[in-house]
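Participant: Structure below; questions to follow.
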Amino acid sequence: MATQSQPIQNQGRNSAITESGLVKRAETFADRFNKDMDFLLKAVETLPIKEPMWWGTLGTVRPFPNFDPERDAQEIHAALDKKDVNTLVRILTNRNNAQRQGIAQVYQTLTQKDLSQALKKILSGVLEDLLLGLMMTPVQFDAHRLRQAMEGMGTDEETLLEILCTRSAQQLRDITIAYKQEFGRYLENDLISETSKDFTTLLLAILKKEQENMPGVIEFHLIDRDAKALTEALSGKKADSAPWIRVLTTRDSDHLERVLSRWETLRAESVDKVLQKHFSGDLKLGLRILVRTIQNTPLYLAQRLQKSMKKSSVVCGILVSRSEEDLLSVRVEYRRLTNTSLYSTIQKEFKGDLQQALLALCRAEDV
């Protein structure tokens, strides 16, 4: 949660900027963003119900062959009556997101009931969260995870970062719209309320994600200029976070990979180690995760799974959100990192229907 503001010093060329100034700038950004959001929401009443998952060739969940939504809806209806959880898990984890949306539509037509509400009546705990997550569109699922990370006492900073740092600019715009539609709240306002100082500035910059370089073009002069700016930001008594935030959030990933590689070559040490030495608190966490996702998103997600395997919400969140994106790559990195397959780890750490659901999303063993 945000703490009461205290004056801080900025190591830029000009005079000191107080933390209240940073908050004021963040609030000004939020006001502008809210006006844009109101315009978008008037033009788009709801997200398309048949919105496909952000398709990637490295997903584990693929379109089910010979898909028949009416047959699936009838089988689910019977399973709900019998409280047959195994059948629910089998069907919902073996259909892709677009197919699940089709099942939900047919179920609504056949029964005049909402499928997600029907699932809530017979499910509970983590399995309920997982299957309800599968029934959401991708942007709805991310919006719900972001809200959960900021609800109640304390804020789950790493979940915020995991989602914001691994989504494209277009995905973040769609998530922002979904967040307002689902909760009647502005995502940027909640980020400002639940975080503080430069960490807030970083999160808002990631959310905005304005790309200033030309994608697909190798700009050698800009690579050198950005690498120099990052170096100079660390030259004072206190590191200046502004250049790091600006460079890392306004360039495309290919350019940033070249900048970070160039920077590590010049300094003969990893970016991660330097960030640990020069920054602290949530800002350090944010910059480190942002850099790691730029360099290798699947590896970062594998590391997060390894660290958080006991946290079912993290495991479910990653497997659901990456199942049609790049979970195959995450599996490969997890195997390299731990010398154990993700599939085997899930078998060991989880039991029952939840285990079967997670294994179905993971899909296969890696030998």
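In the structure tokens, the first chain shown is A, the next is B, and so on; residue numbers restart at 1 for each chain, and ligands run from 1 in the order shown.
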Please identify all polymer residues within 7 Å of Ala227 (chain A), counting only C-alpha atoms, omitting same-chain residues fewer than 5 positions from it, and present them as a ChimeraX atom specification.

Facilitator: /A:259,262-263

Participant: Taking 6 positions as the minimum chain separation for residues in the same chain, which residues sit within 12 Å of Lys348 (chain A) when counting only C-alpha atoms? Answer as a list in words.

Facilitator: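 In the requested form, the answer reads Met309, Lys310, Thr340, Ser341, Leu342, Gln355, Gln356, Leu358 and Leu359 of chain A.
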
Participant: How about saving the chosen residues, all heavy atoms kept, as a compact mmCIF listing (two decimals), in the first residue's frame?

Facilitator:
```txt
# COMPACT_ATOMS: atom_id res chain seq x y z
N MET A 309 5.74 -21.91 -6.56
CA MET A 309 4.99 -23.15 -6.81
C MET A 309 4.02 -23.46 -5.68
O MET A 309 3.00 -24.12 -5.89
CB MET A 309 5.97 -24.31 -7.03
CG MET A 309 5.32 -25.58 -7.54
SD MET A 309 4.34 -25.40 -9.06
CE MET A 309 5.60 -24.99 -10.27
N LYS A 310 4.30 -22.98 -4.48
CA LYS A 310 3.38 -23.19 -3.36
C LYS A 310 2.21 -22.21 -3.38
O LYS A 310 1.25 -22.37 -2.62
CB LYS A 310 4.13 -23.04 -2.03
CG LYS A 310 5.29 -24.01 -1.83
CD LYS A 310 4.81 -25.44 -1.69
CE LYS A 310 5.99 -26.38 -1.38
NZ LYS A 310 5.55 -27.80 -1.28
N THR A 340 13.96 -30.34 -13.88
CA THR A 340 12.72 -31.09 -13.67
C THR A 340 11.65 -30.48 -14.56
O THR A 340 11.62 -29.27 -14.75
CB THR A 340 12.26 -31.01 -12.20
OG1 THR A 340 13.33 -31.42 -11.35
CG2 THR A 340 11.04 -31.88 -11.96
N SER A 341 10.78 -31.31 -15.08
CA SER A 341 9.74 -30.76 -15.95
C SER A 341 8.66 -30.06 -15.13
O SER A 341 8.41 -30.40 -13.96
CB SER A 341 9.09 -31.88 -16.78
OG SER A 341 8.27 -32.69 -15.97
N LEU A 342 8.02 -29.10 -15.74
CA LEU A 342 6.90 -28.42 -15.09
C LEU A 342 5.77 -29.40 -14.82
O LEU A 342 5.10 -29.35 -13.78
CB LEU A 342 6.41 -27.25 -15.97
CG LEU A 342 5.24 -26.44 -15.44
CD1 LEU A 342 5.56 -25.82 -14.08
CD2 LEU A 342 4.87 -25.34 -16.44
N GLN A 355 -5.12 -30.69 -9.71
CA GLN A 355 -3.95 -31.25 -10.38
C GLN A 355 -4.28 -31.61 -11.82
O GLN A 355 -3.52 -31.29 -12.74
CB GLN A 355 -3.46 -32.50 -9.64
CG GLN A 355 -2.24 -33.15 -10.28
CD GLN A 355 -2.06 -34.59 -9.85
OE1 GLN A 355 -2.87 -35.45 -10.19
NE2 GLN A 355 -0.99 -34.84 -9.08
N GLN A 356 -5.41 -32.26 -12.05
CA GLN A 356 -5.78 -32.67 -13.40
C GLN A 356 -6.00 -31.46 -14.30
O GLN A 356 -5.63 -31.48 -15.49
CB GLN A 356 -7.04 -33.53 -13.36
CG GLN A 356 -6.85 -34.88 -12.68
CD GLN A 356 -5.66 -35.65 -13.25
OE1 GLN A 356 -5.57 -35.87 -14.46
NE2 GLN A 356 -4.74 -36.06 -12.37
N LEU A 358 -4.56 -28.43 -14.00
CA LEU A 358 -3.26 -27.82 -14.29
C LEU A 358 -2.44 -28.67 -15.26
O LEU A 358 -1.78 -28.15 -16.16
CB LEU A 358 -2.49 -27.60 -12.99
CG LEU A 358 -3.06 -26.54 -12.04
CD1 LEU A 358 -2.33 -26.56 -10.70
CD2 LEU A 358 -2.98 -25.15 -12.67
N LEU A 359 -2.49 -29.98 -15.09
CA LEU A 359 -1.77 -30.86 -16.00
C LEU A 359 -2.33 -30.77 -17.42
O LEU A 359 -1.58 -30.83 -18.40
CB LEU A 359 -1.84 -32.31 -15.51
CG LEU A 359 -1.05 -32.64 -14.25
CD1 LEU A 359 -1.30 -34.09 -13.83
CD2 LEU A 359 0.44 -32.39 -14.43
```

Participant: Based on DSSP run over this structure's backbone, return all residues of region 81-280 of chain A in helix (DSSP H, G or I), as a PyMOL selection string.

Facilitator: chain A and resi 81-82+85-92+97-111+115-122+125-135+138-150+157-165+169-183+187-194+197-208+220-232+241-249+253-267+271-278

Participant: Which residues, written as a PyMOL selection string, have at least one atom at most 8 Å from region 320-333 of chain A, with only C-alpha atoms counted and residues fewer than 2 positions away on the same chain left out?

Facilitator: chain A and resi 53-62+96+130+133-134+138+141-142+298-299+301-302+316-318+335-337+341-342+361-362+366

Participant: Under the rule that only C-alpha atoms are counted, which of A:Leu285, A:His278, A:Leu187, A:Glu194 is the nearest residue to Thr231 (chain A)?

Facilitator: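 Going through A:Leu285, A:His278, A:Leu187, A:Glu194 one by one, the smallest distance to Thr231 (chain A) is for A:His278.
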
Participant: Would you kindly return, as a VMD selection string, each protein, DNA or RNA residue with an atom no farther than 8 Å from any atom of Leu202 (chain A), considering only C-alpha atoms and excluding same-chain residues fewer than 2 positions away?

Facilitator: chain A and resid 198 to 200 204 to 206 245 283 286

Participant: Between A:Glu188, A:Glu182, A:Glu70, A:Glu212, which has the minimum distance to Gly102 (chain A) (counting only C-alpha atoms)?

Facilitator: A:Glu70

Participant: Contacts of Ala149 (chain A) at 12 Å or less, counting only C-alpha atoms, minus same-chain residues fewer than 3 places along, as number ranges by chain?

Facilitator: A: 1, 142-146, 152-163, 187, 190-191, 194-195, 313-314, 317

Participant: Would you pick out the contacts of Leu207 (chain A) at 7 Å or less, using only C-alpha atoms, so that residues sharing its chain but fewer than 3 positions from it are not included, and give the list as a list in words?

Facilitator: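 The residues that qualify are Leu164, Leu172, Leu203 and Leu204 of chain A.
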